[in-house]
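Next comes data.cif, a file with mmCIF, N, CA and C atoms.
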data_data
loop_
_atom_site.label_atom_id
_atom_site.label_comp_id
_atom_site.auth_asym_id
_atom_site.auth_seq_id
_atom_site.Cartn_x
_atom_site.Cartn_y
_atom_site.Cartn_z
N HIS A 9 -48.87 -7.47 -31.41
CA HIS A 9 -49.56 -6.86 -32.54
C HIS A 9 -50.93 -7.48 -32.70
N THR A 10 -51.83 -6.66 -33.12
CA THR A 10 -53.16 -7.14 -33.47
C THR A 10 -53.40 -6.75 -34.92
N GLY A 11 -53.33 -7.72 -35.82
CA GLY A 11 -53.47 -7.41 -37.23
C GLY A 11 -52.35 -6.51 -37.70
N ASP A 12 -52.72 -5.42 -38.38
CA ASP A 12 -51.73 -4.47 -38.89
C ASP A 12 -51.44 -3.33 -37.91
N VAL A 13 -52.06 -3.38 -36.75
CA VAL A 13 -51.88 -2.30 -35.77
C VAL A 13 -50.69 -2.65 -34.86
N GLY A 14 -49.71 -1.75 -34.84
CA GLY A 14 -48.54 -1.96 -33.99
C GLY A 14 -48.85 -1.74 -32.54
N LYS A 15 -48.10 -2.37 -31.70
CA LYS A 15 -48.25 -2.23 -30.26
C LYS A 15 -47.18 -1.27 -29.75
N ALA A 16 -47.56 -0.36 -28.88
CA ALA A 16 -46.60 0.59 -28.33
C ALA A 16 -45.58 -0.14 -27.45
N VAL A 17 -44.33 0.25 -27.60
CA VAL A 17 -43.25 -0.35 -26.83
C VAL A 17 -42.59 0.75 -26.01
N TYR A 18 -42.38 0.50 -24.74
CA TYR A 18 -41.76 1.46 -23.85
C TYR A 18 -40.49 0.85 -23.27
N ALA A 19 -39.48 1.64 -23.15
CA ALA A 19 -38.22 1.17 -22.59
C ALA A 19 -37.63 2.27 -21.72
N SER A 20 -36.89 1.85 -20.75
CA SER A 20 -36.16 2.81 -19.93
C SER A 20 -34.72 2.32 -19.81
N TYR A 21 -33.82 3.23 -19.61
CA TYR A 21 -32.41 2.88 -19.49
C TYR A 21 -31.74 3.88 -18.56
N ALA A 22 -30.56 3.50 -18.15
CA ALA A 22 -29.77 4.39 -17.30
C ALA A 22 -28.31 4.27 -17.71
N ASP A 23 -27.62 5.38 -17.72
CA ASP A 23 -26.19 5.37 -17.97
C ASP A 23 -25.49 5.26 -16.62
N PRO A 24 -24.53 4.33 -16.51
CA PRO A 24 -23.81 4.23 -15.23
C PRO A 24 -22.96 5.46 -14.98
N ILE A 25 -22.85 5.81 -13.73
CA ILE A 25 -21.98 6.92 -13.32
C ILE A 25 -20.75 6.30 -12.68
N PHE A 26 -19.60 6.53 -13.27
CA PHE A 26 -18.36 5.97 -12.75
C PHE A 26 -17.66 7.01 -11.89
N ALA A 27 -17.15 6.58 -10.76
CA ALA A 27 -16.35 7.44 -9.89
C ALA A 27 -14.96 6.83 -9.77
N GLU A 28 -13.95 7.64 -9.82
CA GLU A 28 -12.58 7.14 -9.76
C GLU A 28 -12.21 6.79 -8.33
N VAL A 29 -11.61 5.62 -8.18
CA VAL A 29 -11.02 5.23 -6.90
C VAL A 29 -9.53 5.55 -7.05
N SER A 30 -9.18 6.79 -6.77
CA SER A 30 -7.84 7.26 -7.10
C SER A 30 -6.74 6.62 -6.26
N LEU A 31 -7.03 6.31 -5.03
CA LEU A 31 -6.01 5.69 -4.17
C LEU A 31 -6.25 4.18 -4.13
N SER A 32 -5.87 3.52 -5.21
CA SER A 32 -6.05 2.08 -5.29
C SER A 32 -4.88 1.45 -6.02
N THR A 33 -4.76 0.14 -5.87
CA THR A 33 -3.63 -0.58 -6.47
C THR A 33 -4.01 -2.04 -6.72
N ASP A 34 -3.22 -2.70 -7.55
CA ASP A 34 -3.27 -4.14 -7.76
C ASP A 34 -4.61 -4.67 -8.24
N PHE A 35 -5.18 -4.05 -9.27
CA PHE A 35 -6.45 -4.52 -9.82
C PHE A 35 -6.26 -5.86 -10.55
N VAL A 36 -7.10 -6.82 -10.21
CA VAL A 36 -7.15 -8.11 -10.89
C VAL A 36 -8.60 -8.30 -11.35
N PRO A 37 -8.86 -8.37 -12.66
CA PRO A 37 -10.23 -8.49 -13.13
C PRO A 37 -10.81 -9.87 -12.86
N PRO A 38 -12.14 -9.98 -12.75
CA PRO A 38 -12.75 -11.31 -12.66
C PRO A 38 -12.56 -12.01 -14.01
N GLU A 39 -11.91 -13.16 -13.99
CA GLU A 39 -11.63 -13.89 -15.22
C GLU A 39 -11.79 -15.38 -14.99
N THR A 40 -11.91 -16.10 -16.09
CA THR A 40 -12.02 -17.55 -16.00
C THR A 40 -10.64 -18.18 -15.93
N SER A 41 -10.56 -19.27 -15.22
CA SER A 41 -9.34 -20.07 -15.20
C SER A 41 -9.73 -21.50 -15.55
N HIS A 42 -8.78 -22.23 -16.03
CA HIS A 42 -9.03 -23.59 -16.47
C HIS A 42 -8.12 -24.54 -15.70
N SER A 43 -8.63 -25.71 -15.42
CA SER A 43 -7.80 -26.74 -14.79
C SER A 43 -8.06 -28.07 -15.49
N VAL A 44 -7.07 -28.90 -15.43
CA VAL A 44 -7.12 -30.19 -16.10
C VAL A 44 -6.88 -31.28 -15.06
N SER A 45 -7.63 -32.34 -15.17
CA SER A 45 -7.38 -33.50 -14.32
C SER A 45 -7.36 -34.73 -15.21
N SER A 46 -6.63 -35.71 -14.78
CA SER A 46 -6.55 -36.95 -15.57
C SER A 46 -6.53 -38.14 -14.63
N GLU A 47 -6.92 -39.25 -15.18
CA GLU A 47 -6.91 -40.49 -14.42
C GLU A 47 -6.30 -41.58 -15.29
N GLN A 48 -5.34 -42.23 -14.74
CA GLN A 48 -4.66 -43.30 -15.46
C GLN A 48 -5.51 -44.56 -15.35
N ILE A 49 -5.84 -45.15 -16.49
CA ILE A 49 -6.53 -46.43 -16.51
C ILE A 49 -5.72 -47.37 -17.40
N TYR A 50 -6.09 -48.64 -17.41
CA TYR A 50 -5.32 -49.62 -18.20
C TYR A 50 -5.31 -49.23 -19.67
N GLY A 51 -4.14 -49.04 -20.22
CA GLY A 51 -3.96 -48.80 -21.64
C GLY A 51 -4.12 -47.36 -22.10
N THR A 52 -4.59 -46.45 -21.24
CA THR A 52 -4.77 -45.07 -21.67
C THR A 52 -4.94 -44.15 -20.46
N THR A 53 -5.14 -42.90 -20.74
CA THR A 53 -5.40 -41.91 -19.70
C THR A 53 -6.69 -41.16 -20.06
N LEU A 54 -7.57 -41.01 -19.10
CA LEU A 54 -8.78 -40.22 -19.30
C LEU A 54 -8.55 -38.83 -18.74
N GLY A 55 -8.87 -37.82 -19.52
CA GLY A 55 -8.66 -36.45 -19.08
C GLY A 55 -9.93 -35.64 -19.17
N SER A 56 -9.99 -34.63 -18.35
CA SER A 56 -11.11 -33.69 -18.41
C SER A 56 -10.60 -32.32 -18.00
N SER A 57 -11.32 -31.30 -18.45
CA SER A 57 -10.95 -29.94 -18.06
C SER A 57 -12.18 -29.24 -17.50
N THR A 58 -11.93 -28.33 -16.60
CA THR A 58 -13.01 -27.54 -16.01
C THR A 58 -12.65 -26.07 -16.09
N LYS A 59 -13.69 -25.24 -16.06
CA LYS A 59 -13.52 -23.80 -16.13
C LYS A 59 -14.21 -23.19 -14.92
N SER A 60 -13.57 -22.22 -14.28
CA SER A 60 -14.20 -21.55 -13.14
C SER A 60 -13.95 -20.05 -13.24
N LEU A 61 -14.85 -19.29 -12.66
CA LEU A 61 -14.76 -17.84 -12.67
C LEU A 61 -14.17 -17.37 -11.34
N ASN A 62 -13.06 -16.66 -11.43
CA ASN A 62 -12.40 -16.14 -10.23
C ASN A 62 -12.93 -14.75 -9.88
N GLN A 63 -12.87 -14.40 -8.62
CA GLN A 63 -13.24 -13.06 -8.19
C GLN A 63 -12.21 -12.05 -8.67
N GLY A 64 -12.68 -10.85 -8.94
CA GLY A 64 -11.78 -9.74 -9.18
C GLY A 64 -11.36 -9.17 -7.84
N THR A 65 -10.21 -8.51 -7.81
CA THR A 65 -9.73 -7.93 -6.56
C THR A 65 -8.99 -6.62 -6.81
N PHE A 66 -8.94 -5.78 -5.81
CA PHE A 66 -8.08 -4.60 -5.79
C PHE A 66 -7.97 -4.12 -4.36
N THR A 67 -6.97 -3.30 -4.12
CA THR A 67 -6.79 -2.71 -2.79
C THR A 67 -7.07 -1.22 -2.89
N ALA A 68 -7.88 -0.72 -1.98
CA ALA A 68 -8.20 0.71 -1.94
C ALA A 68 -7.71 1.28 -0.61
N PHE A 69 -7.11 2.46 -0.69
CA PHE A 69 -6.67 3.15 0.52
C PHE A 69 -7.77 4.11 0.95
N LEU A 70 -8.08 4.13 2.23
CA LEU A 70 -9.24 4.84 2.76
C LEU A 70 -8.85 6.05 3.58
N ASN A 71 -9.82 6.96 3.73
CA ASN A 71 -9.60 8.13 4.59
C ASN A 71 -9.87 7.80 6.05
N ASP A 72 -11.11 7.37 6.35
CA ASP A 72 -11.44 7.02 7.73
C ASP A 72 -11.98 5.60 7.87
N GLY A 73 -12.25 4.92 6.74
CA GLY A 73 -12.72 3.54 6.78
C GLY A 73 -14.18 3.38 7.13
N VAL A 74 -14.89 4.49 7.34
CA VAL A 74 -16.30 4.42 7.71
C VAL A 74 -17.17 5.18 6.72
N THR A 75 -16.79 6.42 6.42
CA THR A 75 -17.62 7.26 5.55
C THR A 75 -17.10 7.37 4.13
N ASP A 76 -16.06 6.63 3.78
CA ASP A 76 -15.51 6.68 2.42
C ASP A 76 -16.60 6.27 1.41
N PRO A 77 -16.65 6.95 0.26
CA PRO A 77 -17.67 6.61 -0.74
C PRO A 77 -17.64 5.13 -1.15
N LEU A 78 -16.47 4.54 -1.23
CA LEU A 78 -16.37 3.13 -1.61
C LEU A 78 -16.94 2.23 -0.52
N VAL A 79 -16.69 2.55 0.72
CA VAL A 79 -17.19 1.75 1.85
C VAL A 79 -18.72 1.78 1.88
N VAL A 80 -19.29 2.92 1.58
CA VAL A 80 -20.75 3.07 1.58
C VAL A 80 -21.39 2.14 0.54
N LEU A 81 -20.66 1.80 -0.52
CA LEU A 81 -21.19 0.97 -1.61
C LEU A 81 -20.95 -0.52 -1.42
N LYS A 82 -20.41 -0.94 -0.27
CA LYS A 82 -20.15 -2.37 -0.08
C LYS A 82 -21.44 -3.17 -0.19
N ASP A 83 -21.33 -4.37 -0.72
CA ASP A 83 -22.44 -5.29 -0.94
C ASP A 83 -23.37 -4.88 -2.08
N GLU A 84 -23.04 -3.82 -2.80
CA GLU A 84 -23.83 -3.39 -3.96
C GLU A 84 -23.27 -4.01 -5.23
N THR A 85 -24.13 -4.24 -6.21
CA THR A 85 -23.70 -4.69 -7.52
C THR A 85 -23.35 -3.45 -8.34
N LEU A 86 -22.09 -3.38 -8.76
CA LEU A 86 -21.56 -2.18 -9.41
C LEU A 86 -20.86 -2.55 -10.72
N TRP A 87 -20.66 -1.53 -11.55
CA TRP A 87 -19.83 -1.66 -12.73
C TRP A 87 -18.42 -1.21 -12.37
N PHE A 88 -17.42 -1.91 -12.88
CA PHE A 88 -16.02 -1.56 -12.66
C PHE A 88 -15.36 -1.39 -14.02
N ARG A 89 -14.72 -0.25 -14.20
CA ARG A 89 -14.01 0.04 -15.46
C ARG A 89 -12.56 0.33 -15.09
N PHE A 90 -11.64 -0.42 -15.71
CA PHE A 90 -10.23 -0.28 -15.39
C PHE A 90 -9.44 0.04 -16.66
N TYR A 91 -8.68 1.14 -16.60
CA TYR A 91 -7.82 1.55 -17.70
C TYR A 91 -6.37 1.18 -17.36
N PRO A 92 -5.77 0.20 -18.05
CA PRO A 92 -4.36 -0.11 -17.80
C PRO A 92 -3.44 1.07 -18.09
N ASP A 93 -3.83 1.89 -19.06
CA ASP A 93 -3.09 3.12 -19.40
C ASP A 93 -4.11 4.24 -19.44
N LYS A 94 -4.07 5.15 -18.48
CA LYS A 94 -5.10 6.18 -18.39
C LYS A 94 -5.09 7.15 -19.56
N TYR A 95 -4.07 7.08 -20.42
CA TYR A 95 -3.99 7.96 -21.58
C TYR A 95 -4.52 7.28 -22.85
N LYS A 96 -5.01 6.05 -22.74
CA LYS A 96 -5.57 5.33 -23.88
C LYS A 96 -6.99 4.91 -23.57
N ALA A 97 -7.78 4.69 -24.64
CA ALA A 97 -9.19 4.37 -24.47
C ALA A 97 -9.46 2.91 -24.11
N ALA A 98 -8.53 2.01 -24.40
CA ALA A 98 -8.74 0.59 -24.13
C ALA A 98 -8.90 0.37 -22.63
N HIS A 99 -9.90 -0.44 -22.26
CA HIS A 99 -10.15 -0.70 -20.84
C HIS A 99 -10.83 -2.05 -20.64
N LEU A 100 -10.93 -2.46 -19.40
CA LEU A 100 -11.66 -3.65 -19.00
C LEU A 100 -12.94 -3.22 -18.32
N LEU A 101 -14.00 -3.98 -18.54
CA LEU A 101 -15.30 -3.65 -17.96
C LEU A 101 -15.87 -4.90 -17.29
N ALA A 102 -16.28 -4.75 -16.05
CA ALA A 102 -16.82 -5.87 -15.30
C ALA A 102 -17.96 -5.38 -14.41
N GLN A 103 -18.87 -6.28 -14.12
CA GLN A 103 -19.96 -5.97 -13.19
C GLN A 103 -19.98 -7.04 -12.13
N GLY A 104 -20.09 -6.62 -10.87
CA GLY A 104 -20.14 -7.59 -9.79
C GLY A 104 -20.44 -6.93 -8.46
N LYS A 105 -20.63 -7.77 -7.47
CA LYS A 105 -20.93 -7.30 -6.12
C LYS A 105 -19.63 -6.96 -5.41
N LEU A 106 -19.58 -5.77 -4.81
CA LEU A 106 -18.39 -5.29 -4.11
C LEU A 106 -18.35 -5.83 -2.69
N GLY A 107 -17.28 -6.50 -2.38
CA GLY A 107 -17.02 -6.94 -1.01
C GLY A 107 -15.78 -6.23 -0.51
N ILE A 108 -15.75 -5.89 0.76
CA ILE A 108 -14.56 -5.22 1.31
C ILE A 108 -14.17 -5.86 2.64
N ALA A 109 -12.87 -5.87 2.87
CA ALA A 109 -12.32 -6.31 4.17
C ALA A 109 -11.36 -5.21 4.59
N ARG A 110 -11.76 -4.42 5.58
CA ARG A 110 -10.97 -3.27 6.02
C ARG A 110 -9.93 -3.66 7.05
N THR A 111 -8.81 -2.96 7.00
CA THR A 111 -7.81 -3.08 8.05
C THR A 111 -7.51 -1.69 8.59
N PHE A 112 -7.38 -1.61 9.89
CA PHE A 112 -7.12 -0.35 10.58
C PHE A 112 -5.80 -0.46 11.35
N PRO A 113 -4.67 -0.46 10.64
CA PRO A 113 -3.38 -0.62 11.34
C PRO A 113 -3.02 0.64 12.12
N ALA A 114 -2.38 0.44 13.23
CA ALA A 114 -1.91 1.57 14.03
C ALA A 114 -0.69 2.17 13.34
N GLY A 115 -0.74 3.44 13.03
CA GLY A 115 0.40 4.13 12.45
C GLY A 115 0.63 3.87 10.98
N ASP A 116 -0.36 3.36 10.27
CA ASP A 116 -0.20 3.11 8.84
C ASP A 116 -1.49 3.50 8.13
N ASN A 117 -1.50 3.38 6.80
CA ASN A 117 -2.67 3.75 6.01
C ASN A 117 -3.81 2.75 6.19
N LEU A 118 -5.02 3.29 6.32
CA LEU A 118 -6.20 2.45 6.35
C LEU A 118 -6.42 1.93 4.94
N GLN A 119 -6.79 0.65 4.82
CA GLN A 119 -7.03 0.11 3.50
C GLN A 119 -8.12 -0.93 3.51
N ALA A 120 -8.63 -1.21 2.32
CA ALA A 120 -9.65 -2.23 2.15
C ALA A 120 -9.22 -3.17 1.04
N ALA A 121 -9.23 -4.46 1.35
CA ALA A 121 -9.03 -5.48 0.33
C ALA A 121 -10.41 -5.70 -0.28
N CYS A 122 -10.57 -5.32 -1.54
CA CYS A 122 -11.88 -5.35 -2.20
C CYS A 122 -11.98 -6.54 -3.15
N THR A 123 -13.16 -7.14 -3.18
CA THR A 123 -13.44 -8.22 -4.12
C THR A 123 -14.59 -7.81 -5.02
N VAL A 124 -14.57 -8.33 -6.24
CA VAL A 124 -15.65 -8.12 -7.21
C VAL A 124 -16.18 -9.51 -7.55
N SER A 125 -17.35 -9.85 -7.00
CA SER A 125 -17.97 -11.15 -7.26
C SER A 125 -18.88 -11.00 -8.46
N ALA A 126 -18.40 -11.47 -9.60
CA ALA A 126 -19.10 -11.26 -10.87
C ALA A 126 -19.80 -12.54 -11.32
N ASP A 127 -20.78 -12.38 -12.21
CA ASP A 127 -21.45 -13.52 -12.83
C ASP A 127 -20.77 -13.93 -14.12
N SER A 128 -19.94 -13.04 -14.67
CA SER A 128 -19.21 -13.34 -15.90
C SER A 128 -17.87 -12.61 -15.87
N ALA A 129 -16.97 -13.05 -16.72
CA ALA A 129 -15.62 -12.49 -16.76
C ALA A 129 -15.65 -11.06 -17.30
N ALA A 130 -14.64 -10.29 -16.94
CA ALA A 130 -14.48 -8.93 -17.47
C ALA A 130 -14.29 -9.01 -18.98
N VAL A 131 -14.73 -7.97 -19.68
CA VAL A 131 -14.57 -7.92 -21.12
C VAL A 131 -13.59 -6.81 -21.49
N GLU A 132 -12.89 -7.04 -22.58
CA GLU A 132 -11.95 -6.03 -23.09
C GLU A 132 -12.68 -5.11 -24.04
N VAL A 133 -12.53 -3.80 -23.83
CA VAL A 133 -13.14 -2.79 -24.70
C VAL A 133 -12.00 -2.02 -25.33
N GLU A 134 -11.92 -2.06 -26.65
CA GLU A 134 -10.79 -1.45 -27.35
C GLU A 134 -11.02 -0.01 -27.78
N ALA A 135 -12.24 0.46 -27.81
CA ALA A 135 -12.49 1.81 -28.32
C ALA A 135 -12.66 2.80 -27.22
#
Could you render the structure as structure tokens?
Amino acid sequence: HTGDVGKAVYASYADPIFAEVSLSTDFVPPETSHSVSSEQIYGTTLGSSTKSLNQGTFTAFLNDGVTDPLVVLKDETLWFRFYPDKYKAAHLLAQGKLGIARTFPAGDNLQAACTVSADSAAVEVEA
């Protein structure tokens, strides 16, 4: 601002576009875990705790393992929204880099073990 004259402010935004990964299983959100360590010293015990952020994971079943929309997005930072009950609005929301490890078994379904490398834990959204 200069005196009483306001300064123009410009902003841009984008709404994420979510696509369903319909053939998937075993979603584990990125969350924090805690560990405790202690050291016995004369007359007492010294303790400390640490917190670490774990990767999120899920398994996706693929069509050909090369041109699948999920495979094309590997190494991208994406938003992940998971509904524990698809008939309710409550869900988990996380953002992280998608990693995939594909397996091409003979005579079985192609699949990818997917990881979500996040900077923060997933959040619970109740509405």
### Message
I want to know what sits within 5 Å of Lys105 (chain A), based on all atoms listed in the file, with residues of the same chain fewer than 3 positions away left out; could you give that as a list in words?
### Response
Glu84, Thr85, Leu86, Val124, Ser125 and Ala126 of chain A
#### Entry: Atomic distance CA of Leu101 (chain A) - CA of Glu134 (chain A), expressed in Å with one decimal
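Straight-line distance from CA of Leu101 (chain A) to CA of Glu134 (chain A) works out to 10.6 Å.
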### Message
To test your reading of the structure, identify every residue in region 17-84 of chain A that backbone DSSP assigns to helix (DSSP H, G or I), and report it as number ranges by chain.
### Response
A: 77-80
### Query
Once the PyMOL selection byres ((chain A and resi 108-112) around 6) has been applied to the shown file, what residues remain in the selection, as a ChimeraX atom specification?
/A:82-83,106-107,113-114,118-123
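Residues with any atom within 10 Å of Arg89 (chain A), counting only C-alpha atoms and excluding same-chain neighbours fewer than 3 positions away, are Phe26, Ala27, Glu28, Pro37, Leu86, Pro92, His99, Leu100, Leu101, Ala102, Gln103, Ala130, Val131, Glu132 and Val133 of chain A.
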### Hits from the PyMOL selection byres (((chain A and resi 60 and name CA) around 9) and name CA), listed as a list of chain:residue names
A:Glu39, A:Thr40, A:Ser41, A:His42, A:Ser43, A:Thr58, A:Lys59, A:Leu61, A:Asn62
### Task
Determine which residues of chain A DSSP labels as strand (DSSP E or B) from the backbone of this structure, then write them out as a PyMOL selection string.
chain A and resi 10+13+32-36+40-49+52-61+64-69+85-90+99-111+119-126+131-133
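Across the model, the gap from atom C of Asp34 (chain A) to CA of Asp72 (chain A) is 20.9 Å.
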### Query
Quick one: distance from CA of Tyr91 (chain A) to atom N of Val29 (chain A) in Å, one decimal?
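Going from CA of Tyr91 (chain A) over to atom N of Val29 (chain A), I get 11.0 Å.
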### Task
Measuring atom to atom with only N, CA and C atoms, identify which of A:Thr67, A:Ser20, A:Gln48, A:Asn117 is nearest to Ser32 (chain A).
A:Thr67
Give, as JSON, the centre coordinates and the x, y and z edge lengths in Å to one decimal for an axis-aligned box around all listed atoms of region 59-63 of chain A, padded by 6 Å on each side.
{"center_x": -13.5, "center_y": -18.6, "center_z": -12.2, "size_x": 14.6, "size_y": 25.2, "size_z": 19.9}
Pull out every residue that the PyMOL selection byres ((chain A and resi 55) around 7) matches in the shown coordinates and put them as a JSON list (two decimals) with N, CA and C atoms, in the coordinates of the input.
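Saved to part02.json:
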[["chain", "number", "residue", "atom", "x", "y", "z"],
["A", 44, "VAL", "N", -7.07, -28.90, -15.43],
["A", 44, "VAL", "CA", -7.12, -30.19, -16.10],
["A", 44, "VAL", "C", -6.88, -31.28, -15.06],
["A", 45, "SER", "N", -7.63, -32.34, -15.17],
["A", 45, "SER", "CA", -7.38, -33.50, -14.32],
["A", 45, "SER", "C", -7.36, -34.73, -15.21],
["A", 46, "SER", "N", -6.63, -35.71, -14.78],
["A", 46, "SER", "CA", -6.55, -36.95, -15.57],
["A", 46, "SER", "C", -6.53, -38.14, -14.63],
["A", 47, "GLU", "N", -6.92, -39.25, -15.18],
["A", 47, "GLU", "CA", -6.91, -40.49, -14.42],
["A", 47, "GLU", "C", -6.30, -41.58, -15.29],
["A", 53, "THR", "N", -5.14, -42.90, -20.74],
["A", 53, "THR", "CA", -5.40, -41.91, -19.70],
["A", 53, "THR", "C", -6.69, -41.16, -20.06],
["A", 54, "LEU", "N", -7.57, -41.01, -19.10],
["A", 54, "LEU", "CA", -8.78, -40.22, -19.30],
["A", 54, "LEU", "C", -8.55, -38.83, -18.74],
["A", 56, "SER", "N", -9.99, -34.63, -18.35],
["A", 56, "SER", "CA", -11.11, -33.69, -18.41],
["A", 56, "SER", "C", -10.60, -32.32, -18.00],
["A", 57, "SER", "N", -11.32, -31.30, -18.45],
["A", 57, "SER", "CA", -10.95, -29.94, -18.06],
["A", 57, "SER", "C", -12.18, -29.24, -17.50]]
### Query
Given the choices A:Lys94, A:Leu31, A:Gly104, A:Val36, which gets closest to Ala68 (chain A) if the distance is worked out from only C-alpha atoms?
A:Leu31
Would you mind completing region 29-36 of chain A so that it carries all heavy atoms, and writing it out as a PDB file, keeping the file's coordinate frame?
ATOM      1  N   VAL A  29     -11.610   5.620  -8.180  1.00  0.00           N
ATOM      2  CA  VAL A  29     -11.020   5.230  -6.900  1.00  0.00           C
ATOM      3  C   VAL A  29      -9.530   5.550  -7.050  1.00  0.00           C
ATOM      4  O   VAL A  29      -8.740   4.701  -7.447  1.00  0.00           O
ATOM      5  CB  VAL A  29     -11.264   3.742  -6.588  1.00  0.00           C
ATOM      6  CG1 VAL A  29     -10.679   3.376  -5.236  1.00  0.00           C
ATOM      7  CG2 VAL A  29     -12.754   3.425  -6.636  1.00  0.00           C
ATOM      8  N   SER A  30      -9.180   6.790  -6.770  1.00  0.00           N
ATOM      9  CA  SER A  30      -7.840   7.260  -7.100  1.00  0.00           C
ATOM     10  C   SER A  30      -6.740   6.620  -6.260  1.00  0.00           C
ATOM     11  O   SER A  30      -5.637   6.414  -6.741  1.00  0.00           O
ATOM     12  CB  SER A  30      -7.776   8.788  -6.973  1.00  0.00           C
ATOM     13  OG  SER A  30      -8.141   9.166  -5.665  1.00  0.00           O
ATOM     14  N   LEU A  31      -7.030   6.310  -5.030  1.00  0.00           N
ATOM     15  CA  LEU A  31      -6.010   5.690  -4.170  1.00  0.00           C
ATOM     16  C   LEU A  31      -6.250   4.180  -4.130  1.00  0.00           C
ATOM     17  O   LEU A  31      -6.797   3.637  -3.172  1.00  0.00           O
ATOM     18  CB  LEU A  31      -6.063   6.287  -2.762  1.00  0.00           C
ATOM     19  CG  LEU A  31      -5.769   7.784  -2.665  1.00  0.00           C
ATOM     20  CD1 LEU A  31      -5.950   8.279  -1.238  1.00  0.00           C
ATOM     21  CD2 LEU A  31      -4.370   8.088  -3.163  1.00  0.00           C
ATOM     22  N   SER A  32      -5.870   3.520  -5.210  1.00  0.00           N
ATOM     23  CA  SER A  32      -6.050   2.080  -5.290  1.00  0.00           C
ATOM     24  C   SER A  32      -4.880   1.450  -6.020  1.00  0.00           C
ATOM     25  O   SER A  32      -4.116   2.124  -6.706  1.00  0.00           O
ATOM     26  CB  SER A  32      -7.366   1.737  -5.989  1.00  0.00           C
ATOM     27  OG  SER A  32      -7.364   2.248  -7.308  1.00  0.00           O
ATOM     28  N   THR A  33      -4.760   0.140  -5.870  1.00  0.00           N
ATOM     29  CA  THR A  33      -3.630  -0.580  -6.470  1.00  0.00           C
ATOM     30  C   THR A  33      -4.010  -2.040  -6.720  1.00  0.00           C
ATOM     31  O   THR A  33      -4.988  -2.549  -6.168  1.00  0.00           O
ATOM     32  CB  THR A  33      -2.390  -0.490  -5.550  1.00  0.00           C
ATOM     33  OG1 THR A  33      -1.276  -1.042  -6.229  1.00  0.00           O
ATOM     34  CG2 THR A  33      -2.592  -1.184  -4.238  1.00  0.00           C
ATOM     35  N   ASP A  34      -3.220  -2.700  -7.550  1.00  0.00           N
ATOM     36  CA  ASP A  34      -3.270  -4.140  -7.760  1.00  0.00           C
ATOM     37  C   ASP A  34      -4.610  -4.670  -8.240  1.00  0.00           C
ATOM     38  O   ASP A  34      -5.124  -5.665  -7.718  1.00  0.00           O
ATOM     39  CB  ASP A  34      -2.858  -4.883  -6.468  1.00  0.00           C
ATOM     40  CG  ASP A  34      -1.458  -4.525  -6.006  1.00  0.00           C
ATOM     41  OD1 ASP A  34      -0.627  -4.189  -6.871  1.00  0.00           O
ATOM     42  OD2 ASP A  34      -1.207  -4.568  -4.794  1.00  0.00           O
ATOM     43  N   PHE A  35      -5.180  -4.050  -9.270  1.00  0.00           N
ATOM     44  CA  PHE A  35      -6.450  -4.520  -9.820  1.00  0.00           C
ATOM     45  C   PHE A  35      -6.260  -5.860 -10.550  1.00  0.00           C
ATOM     46  O   PHE A  35      -5.357  -6.017 -11.365  1.00  0.00           O
ATOM     47  CB  PHE A  35      -7.024  -3.495 -10.801  1.00  0.00           C
ATOM     48  CG  PHE A  35      -8.332  -3.923 -11.413  1.00  0.00           C
ATOM     49  CD1 PHE A  35      -9.498  -3.871 -10.683  1.00  0.00           C
ATOM     50  CD2 PHE A  35      -8.384  -4.386 -12.715  1.00  0.00           C
ATOM     51  CE1 PHE A  35     -10.702  -4.267 -11.234  1.00  0.00           C
ATOM     52  CE2 PHE A  35      -9.583  -4.787 -13.284  1.00  0.00           C
ATOM     53  CZ  PHE A  35     -10.750  -4.724 -12.541  1.00  0.00           C
ATOM     54  N   VAL A  36      -7.100  -6.820 -10.210  1.00  0.00           N
ATOM     55  CA  VAL A  36      -7.150  -8.110 -10.890  1.00  0.00           C
ATOM     56  C   VAL A  36      -8.600  -8.300 -11.350  1.00  0.00           C
ATOM     57  O   VAL A  36      -9.503  -8.344 -10.517  1.00  0.00           O
ATOM     58  CB  VAL A  36      -6.746  -9.271  -9.951  1.00  0.00           C
ATOM     59  CG1 VAL A  36      -6.885 -10.615 -10.647  1.00  0.00           C
ATOM     60  CG2 VAL A  36      -5.336  -9.070  -9.426  1.00  0.00           C
TER      61      VAL A  36
END
